[in-house]
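Visitor: My file is protein19.cif. It has mmCIF, C-alpha atoms:
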data_data
#
loop_
_atom_site.label_atom_id
_atom_site.label_comp_id
_atom_site.auth_asym_id
_atom_site.auth_seq_id
_atom_site.Cartn_x
_atom_site.Cartn_y
_atom_site.Cartn_z
CA MET A 1 69.87 54.64 103.43
CA PRO A 2 71.86 57.60 104.78
CA SER A 3 70.49 60.98 103.79
CA ARG A 4 72.21 62.82 100.98
CA HIS A 5 72.94 66.52 101.08
CA LEU A 6 74.06 69.00 98.47
CA TYR A 7 76.86 71.40 99.35
CA ARG A 8 77.28 75.01 98.32
CA ARG A 9 80.74 76.44 97.64
CA ILE A 10 81.08 79.76 99.49
CA TYR A 11 83.92 82.26 99.20
CA VAL A 12 84.58 83.06 102.86
CA TRP A 13 88.12 84.34 103.40
CA GLU A 14 89.20 87.16 101.11
CA LEU A 15 92.86 87.52 100.10
CA PRO A 16 93.69 90.22 102.71
CA VAL A 17 92.34 87.97 105.48
CA ARG A 18 94.32 84.97 104.25
CA ALA A 19 97.46 87.08 103.85
CA PHE A 20 97.02 88.44 107.38
CA HIS A 21 96.72 84.92 108.77
CA TRP A 22 99.93 83.58 107.21
CA ILE A 23 101.97 86.77 107.74
CA ASN A 24 100.81 86.80 111.35
CA ALA A 25 101.75 83.15 111.80
CA LEU A 26 105.23 83.78 110.39
CA ALA A 27 105.74 86.97 112.41
CA ILE A 28 104.64 85.32 115.67
CA THR A 29 106.94 82.36 115.03
CA VAL A 30 109.93 84.62 114.40
CA LEU A 31 109.06 86.83 117.36
CA GLY A 32 108.64 83.82 119.63
CA VAL A 33 111.93 82.18 118.68
CA THR A 34 114.01 85.36 118.76
CA GLY A 35 112.21 86.60 121.90
CA ALA A 36 113.03 83.39 123.74
CA MET A 37 116.67 83.74 122.69
CA ILE A 38 116.78 87.35 123.90
CA GLY A 39 115.05 86.48 127.17
CA LYS A 40 117.41 83.59 127.91
CA PRO A 41 120.57 83.90 125.79
CA PHE A 42 122.69 80.84 125.19
CA SER A 43 126.43 80.82 124.74
CA VAL A 44 127.85 80.90 121.21
CA THR A 45 131.59 80.34 120.96
CA TYR A 46 133.61 81.85 118.12
CA ALA A 47 137.30 81.93 117.38
CA GLN A 48 136.94 85.62 116.50
CA GLU A 49 137.43 88.49 118.88
CA ALA A 50 134.29 89.65 120.64
CA SER A 51 134.46 93.02 118.85
CA PHE A 52 133.94 91.24 115.52
CA GLN A 53 130.84 89.36 116.66
CA TYR A 54 127.30 90.61 116.38
CA TRP A 55 125.30 87.44 116.99
CA TYR A 56 122.67 88.81 119.36
CA GLY A 57 122.62 92.14 117.61
CA THR A 58 121.37 90.27 114.55
CA VAL A 59 118.84 88.35 116.64
CA ARG A 60 117.47 91.59 118.08
CA PHE A 61 117.33 93.19 114.62
CA ILE A 62 115.26 90.25 113.34
CA HIS A 63 113.02 90.51 116.41
CA PHE A 64 112.43 94.23 115.92
CA THR A 65 111.79 93.82 112.19
CA ALA A 66 109.24 91.07 112.85
CA GLY A 67 107.66 93.39 115.42
CA TYR A 68 107.07 96.06 112.76
CA VAL A 69 105.61 93.46 110.40
CA PHE A 70 103.37 92.21 113.22
CA LEU A 71 102.12 95.74 114.01
CA PHE A 72 101.34 96.82 110.46
CA ASN A 73 99.76 93.47 109.66
CA MET A 74 97.40 93.94 112.63
CA LEU A 75 96.55 97.48 111.50
CA VAL A 76 95.65 96.26 108.00
CA ARG A 77 93.45 93.50 109.47
CA THR A 78 91.72 96.03 111.73
CA TYR A 79 90.97 98.18 108.69
CA TRP A 80 89.70 95.17 106.76
CA GLY A 81 87.29 94.41 109.58
CA PHE A 82 85.37 97.51 108.47
CA VAL A 83 85.63 97.22 104.67
CA GLY A 84 85.83 93.46 104.08
CA ASN A 85 83.02 90.99 103.45
CA ARG A 86 80.55 89.88 106.12
CA PHE A 87 82.83 87.07 107.33
CA ALA A 88 85.64 89.53 108.10
CA ALA A 89 83.43 92.14 109.79
CA TRP A 90 84.14 92.98 113.43
CA ASP A 91 80.54 92.43 114.52
CA LYS A 92 81.11 88.71 113.93
CA PHE A 93 83.67 88.68 116.76
CA ILE A 94 81.49 90.11 119.53
CA PRO A 95 78.50 88.05 120.73
CA THR A 96 75.52 90.33 121.31
CA THR A 97 72.51 88.05 120.84
CA LYS A 98 71.04 85.05 122.63
CA ALA A 99 71.68 82.91 119.54
CA ALA A 100 75.36 83.87 119.60
CA PHE A 101 75.76 82.74 123.21
CA GLN A 102 73.86 79.54 122.47
CA GLU A 103 76.31 78.83 119.66
CA ILE A 104 79.24 79.43 122.02
CA VAL A 105 77.82 76.83 124.42
CA GLN A 106 77.26 74.40 121.56
CA VAL A 107 80.82 74.81 120.25
CA LEU A 108 82.20 74.28 123.78
CA LYS A 109 80.25 71.02 123.98
CA ILE A 110 81.65 69.94 120.61
CA ASP A 111 85.24 70.91 121.45
CA ILE A 112 85.42 69.71 125.05
CA LEU A 113 82.78 66.98 125.40
CA GLN A 114 83.06 65.95 121.73
CA VAL A 115 79.30 65.71 121.31
CA ARG A 116 77.64 65.90 117.93
CA GLY A 117 76.47 69.37 116.93
CA THR A 118 72.71 69.83 116.71
CA GLY A 119 72.34 73.30 115.21
CA ALA A 120 73.79 75.51 112.51
CA ILE A 121 77.23 76.99 113.14
CA HIS A 122 78.54 80.02 111.27
CA ILE A 123 80.35 79.23 108.03
CA GLY A 124 82.96 81.87 108.96
CA HIS A 125 84.38 81.97 112.47
CA ASN A 126 82.10 80.24 114.91
CA ARG A 127 81.01 82.50 117.76
CA LEU A 128 83.45 81.01 120.27
CA ALA A 129 86.40 81.39 117.91
CA GLY A 130 85.34 84.94 117.08
CA LEU A 131 85.19 85.89 120.77
CA ILE A 132 88.60 84.34 121.44
CA TYR A 133 90.13 86.20 118.47
CA PHE A 134 88.59 89.43 119.73
CA ILE A 135 90.21 88.94 123.16
CA THR A 136 93.44 87.87 121.50
CA ALA A 137 93.56 91.15 119.56
CA PHE A 138 93.94 93.00 122.86
CA ILE A 139 96.77 90.68 123.90
CA PHE A 140 98.44 91.26 120.54
CA GLY A 141 98.11 94.99 121.19
CA PHE A 142 99.63 94.59 124.65
CA GLN A 143 102.63 92.76 123.19
CA ALA A 144 103.12 95.41 120.50
CA LEU A 145 102.85 98.23 123.04
CA THR A 146 105.25 96.72 125.58
CA GLY A 147 107.64 95.66 122.82
CA PHE A 148 107.90 99.15 121.40
CA ALA A 149 108.18 100.58 124.92
CA LEU A 150 111.26 98.42 125.48
CA TYR A 151 112.56 99.49 122.07
CA ALA A 152 112.23 103.21 122.95
CA SER A 153 115.40 103.42 125.04
CA MET A 154 117.61 102.06 122.27
CA SER A 155 116.25 103.70 119.12
CA HIS A 156 114.86 106.88 117.63
CA SER A 157 111.77 105.08 116.34
CA VAL A 158 108.59 107.14 116.42
CA PHE A 159 106.64 104.08 117.54
CA GLY A 160 109.10 103.50 120.37
CA LYS A 161 108.82 107.07 121.61
CA MET A 162 105.02 106.91 121.43
CA ALA A 163 105.05 103.85 123.71
CA ALA A 164 107.67 105.13 126.17
CA TRP A 165 104.98 106.06 128.74
CA VAL A 166 104.35 102.34 129.32
CA ILE A 167 107.64 101.93 131.21
CA PRO A 168 106.83 104.18 134.20
CA LEU A 169 103.17 103.12 134.16
CA MET A 170 104.08 99.44 134.66
CA GLY A 171 106.78 100.06 137.26
CA GLY A 172 109.96 100.14 135.24
CA GLU A 173 111.66 98.44 132.34
CA MET A 174 112.28 95.17 134.18
CA ALA A 175 108.58 94.71 134.93
CA VAL A 176 107.66 95.48 131.32
CA ARG A 177 110.28 93.03 130.08
CA GLN A 178 108.99 90.28 132.38
CA TRP A 179 105.38 90.78 131.27
CA HIS A 180 106.41 90.93 127.62
CA HIS A 181 108.38 87.71 127.94
CA ALA A 182 105.70 85.92 129.99
CA MET A 183 103.07 86.58 127.31
CA LEU A 184 105.18 84.52 124.91
CA TRP A 185 103.61 81.46 126.55
CA PHE A 186 100.16 82.68 125.65
CA TYR A 187 101.19 82.49 121.99
CA VAL A 188 102.55 78.98 122.48
CA LEU A 189 99.30 77.80 124.11
CA PHE A 190 97.13 79.66 121.60
CA THR A 191 98.98 78.11 118.66
CA LEU A 192 98.68 74.56 120.00
CA VAL A 193 94.94 74.89 120.70
CA HIS A 194 94.28 76.76 117.44
CA VAL A 195 95.96 74.17 115.21
CA TYR A 196 94.24 71.29 117.02
CA LEU A 197 90.76 72.85 116.75
CA VAL A 198 91.19 73.76 113.09
CA PHE A 199 91.86 70.14 112.19
CA TYR A 200 89.20 68.87 114.58
CA HIS A 201 86.47 71.13 113.18
CA ASP A 202 87.59 70.27 109.67
CA TYR A 203 86.93 66.63 110.56
CA VAL A 204 83.60 67.00 112.36
CA GLU A 205 82.08 69.68 110.11
CA GLY A 206 83.48 68.68 106.71
CA ARG A 207 83.53 72.26 105.44
CA GLY A 208 87.11 72.50 104.22
CA THR A 209 88.21 74.56 107.23
CA THR A 210 91.91 73.85 106.75
CA SER A 211 92.10 74.47 103.01
CA SER A 212 89.90 77.57 103.24
CA MET A 213 92.78 79.62 104.64
CA VAL A 214 94.70 78.82 101.44
CA GLY A 215 92.03 79.17 98.77
CA GLY A 216 89.34 81.08 100.64
CA TRP A 217 86.48 78.64 99.92
CA LYS A 218 84.31 76.68 102.33
CA PHE A 219 81.38 74.33 101.79
CA GLU A 220 77.95 74.53 103.41
CA ARG A 221 75.11 72.02 103.34
CA ASP A 222 72.00 73.29 101.62
CA ASP A 223 69.80 72.17 104.51
CA LEU A 224 71.72 74.39 106.97
CA LEU A 225 71.21 78.11 106.84
CA ASP A 226 74.34 80.16 106.25
CA ARG A 227 74.10 83.05 108.67
#
How does this structure look as structure tokens?
Guide:
Amino acid sequence: MPSRHLYRRIYVWELPVRAFHWINALAITVLGVTGAMIGKPFSVTYAQEASFQYWYGTVRFIHFTAGYVFLFNMLVRTYWGFVGNRFAAWDKFIPTTKAAFQEIVQVLKIDILQVRGTGAIHIGHNRLAGLIYFITAFIFGFQALTGFALYASMSHSVFGKMAAWVIPLMGGEMAVRQWHHAMLWFYVLFTLVHVYLVFYHDYVEGRGTTSSMVGGWKFERDDLLDR
């Protein structure tokens, strides 16, 4: 007969972490769509005179607003990495032990080679996911910095003025704009891989990975240590 295991219900993702996730997903979607439109505008024909139209002005306003939401959402999550529970703590994102690197190798085998896992994997972010999110935080910061640098020449925003030094550092506004637009494709790739792996790990681990970002709860087998 197959072995039977009992499962513990563990509160993993606190409300601020879950709110960050969904706000971030919405902000990135809005930024991606409006950013693509700004980077490669398409023609919109109206019967009105051009002076009465403000189509791309509205698109840019939405883009800038989503940028502010994106920035402050990241700042709140950074703060929560120091005051939240152990699953939200920043030390879970940086591998510093042999066991952490062994788990990264194991997760790579599961994700790429689709082998069956043989050891315990963190109930929160696995070590590979944590490392990727840590690297992604720097890319998010780069996008925020270059975005506000581009915003500096057309606004009196304090954040824009604080980032104005990026323009000469990177060789001019055109270079900054190209890098800012190119990084949009990182978000596209990240989103595709992230969604796939969430559902895949939900299937192979059976911990409620997908629903945990709604309710906060995951499930862990009693015979596996929750680290």
Visitor: Output the residue selection produced by the PyMOL selection byres ((chain A and resi 100) around 12) on the file above, formatted as a list in words.
Guide: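 Those residues are Asp91, Lys92, Phe93, Ile94, Pro95, Thr96, Thr97, Lys98, Ala99, Phe101, Gln102, Glu103, Ile104, Val105, Gln106, Val107, Gly119, Ala120, Ile121, His122, His125, Asn126, Arg127, Leu128, Ala129, Gly130, Leu131 and Arg227 of chain A.
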Visitor: Running the PyMOL selection byres ((chain A and resi 194) around 12) on this model by hand, what would come out? Give it as a ChimeraX atom specification.
Guide: /A:25,111,128-129,132-133,136,186-193,195-201,210
Visitor: Where does the PyMOL selection byres ((chain A and resi 171-180) around 9) land in this file, that is, which residues does it pick, as a short mmCIF file (atom, residue, chain, number, x, y, z; two decimals) with C-alpha atoms, keeping the file's coordinate frame?
Guide:
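What landed in out.cif:
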data_model
loop_
_atom_site.label_atom_id
_atom_site.label_comp_id
_atom_site.auth_asym_id
_atom_site.auth_seq_id
_atom_site.Cartn_x
_atom_site.Cartn_y
_atom_site.Cartn_z
CA GLY A 39 115.05 86.48 127.17
CA PHE A 142 99.63 94.59 124.65
CA GLN A 143 102.63 92.76 123.19
CA THR A 146 105.25 96.72 125.58
CA GLY A 147 107.64 95.66 122.82
CA ALA A 149 108.18 100.58 124.92
CA LEU A 150 111.26 98.42 125.48
CA VAL A 166 104.35 102.34 129.32
CA ILE A 167 107.64 101.93 131.21
CA PRO A 168 106.83 104.18 134.20
CA LEU A 169 103.17 103.12 134.16
CA MET A 170 104.08 99.44 134.66
CA HIS A 181 108.38 87.71 127.94
CA ALA A 182 105.70 85.92 129.99
CA MET A 183 103.07 86.58 127.31
CA LEU A 184 105.18 84.52 124.91
#
Visitor: Any chance you could work out the axis-aligned box around stretch 118-133 of chain A, listed atoms only, 6 Å on each side, giving centre and edge lengths in Å to one decimal, as lines of an AutoDock Vina configuration file?
Guide:
center_x = 81.2
center_y = 78.0
center_z = 114.7
size_x = 29.8
size_y = 28.4
size_z = 25.4
Visitor: Measure the distance from atom CA of A:Val69 to atom CA of A:Gly208 in Å and round it to one decimal.
Guide: 28.6 Å
Visitor: What is the atom CA of A:Lys40 to atom CA of A:Trp185 distance in Å?
Guide: 14.0 Å
Visitor: For A:Pro16, work out the shell of residues within 10 Å, counting all atoms listed in the file and skipping chain neighbours fewer than 5 positions away, then give it as a ChimeraX atom specification.
Guide: /A:21,73,76-77,80,84,88
Visitor: Counting only C-alpha atoms, figure out which residue out of A:Phe20, A:Phe138, A:Trp55, A:Leu145 gets nearest to A:Phe42.
Guide: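 For A:Phe42, the nearest of the candidates is A:Trp55.
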Visitor: One decimal, in Å: what's the spacing between atom CA of A:Ile123 and atom CA of A:Glu220?
Guide: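 Distance reported for this atom pair: 7.0 Å.
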Visitor: Which of these residues is nearest to A:Val33, using all atoms listed in the file: A:Arg60, A:Glu14, A:Met213, A:Ala163?
Guide: A:Arg60
Visitor: Pick out the residues sitting within 7 Å of A:Arg207, and hand them over as a PyMOL selection string; count all atoms listed in the file, and ignore anything fewer than 2 positions along from it in its own chain.
Guide: chain A and resi 202+205+209+218-220
Visitor: So which residues touch A:Arg18 within 9 Å, counting only C-alpha atoms, skipping near sequence neighbours fewer than 5 positions away, as a PyMOL selection string?
Guide: chain A and resi 13+23+212-216
Visitor: Give the answer as one residue: which of A:Val59, A:Ala144, A:Met74, A:Ala66 has the shortest atom-to-atom distance to A:Val17, using only C-alpha atoms?
Guide: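 Once distances to A:Val17 are computed over only C-alpha atoms, the minimum belongs to A:Met74.
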Visitor: Working from the structure I just supplied, which lacks atoms in stretch 102-129 of chain A, can you model N, CA and C atoms there and output them as a short mmCIF file (atom, residue, chain, number, x, y, z; two decimals), in the coordinates of the input?
Guide:
data_model
loop_
_atom_site.label_atom_id
_atom_site.label_comp_id
_atom_site.auth_asym_id
_atom_site.auth_seq_id
_atom_site.Cartn_x
_atom_site.Cartn_y
_atom_site.Cartn_z
N GLN A 102 74.24 80.95 122.60
CA GLN A 102 73.86 79.54 122.47
C GLN A 102 74.84 78.79 121.58
N GLU A 103 75.32 79.46 120.53
CA GLU A 103 76.31 78.83 119.66
C GLU A 103 77.63 78.63 120.39
N ILE A 104 78.02 79.58 121.24
CA ILE A 104 79.24 79.43 122.02
C ILE A 104 79.16 78.19 122.92
N VAL A 105 78.01 78.01 123.56
CA VAL A 105 77.82 76.83 124.42
C VAL A 105 77.88 75.56 123.59
N GLN A 106 77.26 75.57 122.42
CA GLN A 106 77.26 74.40 121.56
C GLN A 106 78.67 74.04 121.11
N VAL A 107 79.45 75.06 120.71
CA VAL A 107 80.82 74.81 120.25
C VAL A 107 81.68 74.28 121.40
N LEU A 108 81.47 74.79 122.62
CA LEU A 108 82.20 74.28 123.78
C LEU A 108 81.89 72.80 124.00
N LYS A 109 80.63 72.43 123.83
CA LYS A 109 80.25 71.02 123.98
C LYS A 109 80.94 70.15 122.92
N ILE A 110 81.01 70.69 121.70
CA ILE A 110 81.65 69.94 120.61
C ILE A 110 83.14 69.80 120.87
N ASP A 111 83.78 70.91 121.29
CA ASP A 111 85.24 70.91 121.45
C ASP A 111 85.70 70.16 122.69
N ILE A 112 84.97 70.30 123.78
CA ILE A 112 85.42 69.71 125.05
C ILE A 112 84.80 68.34 125.30
N LEU A 113 83.47 68.25 125.14
CA LEU A 113 82.78 66.98 125.40
C LEU A 113 82.72 66.10 124.16
N GLN A 114 83.06 66.67 123.00
CA GLN A 114 83.06 65.95 121.73
C GLN A 114 81.69 65.35 121.40
N VAL A 115 80.64 66.14 121.68
CA VAL A 115 79.30 65.71 121.31
C VAL A 115 79.02 66.14 119.88
N ARG A 116 78.02 65.55 119.29
CA ARG A 116 77.64 65.90 117.93
C ARG A 116 76.83 67.19 117.92
N GLY A 117 77.19 68.11 117.02
CA GLY A 117 76.47 69.37 116.93
C GLY A 117 75.04 69.18 116.49
N THR A 118 74.13 69.98 117.03
CA THR A 118 72.71 69.83 116.71
C THR A 118 72.14 71.03 115.95
N GLY A 119 72.86 72.11 115.88
CA GLY A 119 72.34 73.30 115.21
C GLY A 119 73.34 73.85 114.21
N ALA A 120 72.92 74.89 113.50
CA ALA A 120 73.79 75.51 112.51
C ALA A 120 74.89 76.32 113.18
N ILE A 121 76.09 76.22 112.65
CA ILE A 121 77.23 76.99 113.14
C ILE A 121 77.72 77.86 111.99
N HIS A 122 78.13 79.07 112.30
CA HIS A 122 78.54 80.02 111.27
C HIS A 122 79.56 79.41 110.31
N ILE A 123 79.42 79.71 109.04
CA ILE A 123 80.35 79.23 108.03
C ILE A 123 81.70 79.94 108.16
N GLY A 124 81.70 81.16 108.69
CA GLY A 124 82.96 81.87 108.96
C GLY A 124 83.53 81.40 110.28
N HIS A 125 83.97 82.33 111.11
CA HIS A 125 84.38 81.97 112.47
C HIS A 125 83.14 81.62 113.27
N ASN A 126 83.19 80.47 113.98
CA ASN A 126 82.10 80.24 114.91
C ASN A 126 82.18 81.27 116.03
N ARG A 127 81.10 81.41 116.78
CA ARG A 127 81.01 82.50 117.76
C ARG A 127 82.06 82.38 118.87
N LEU A 128 82.41 81.18 119.25
CA LEU A 128 83.45 81.01 120.27
C LEU A 128 84.80 81.44 119.73
N ALA A 129 85.13 81.00 118.53
CA ALA A 129 86.40 81.39 117.91
C ALA A 129 86.47 82.90 117.73
#
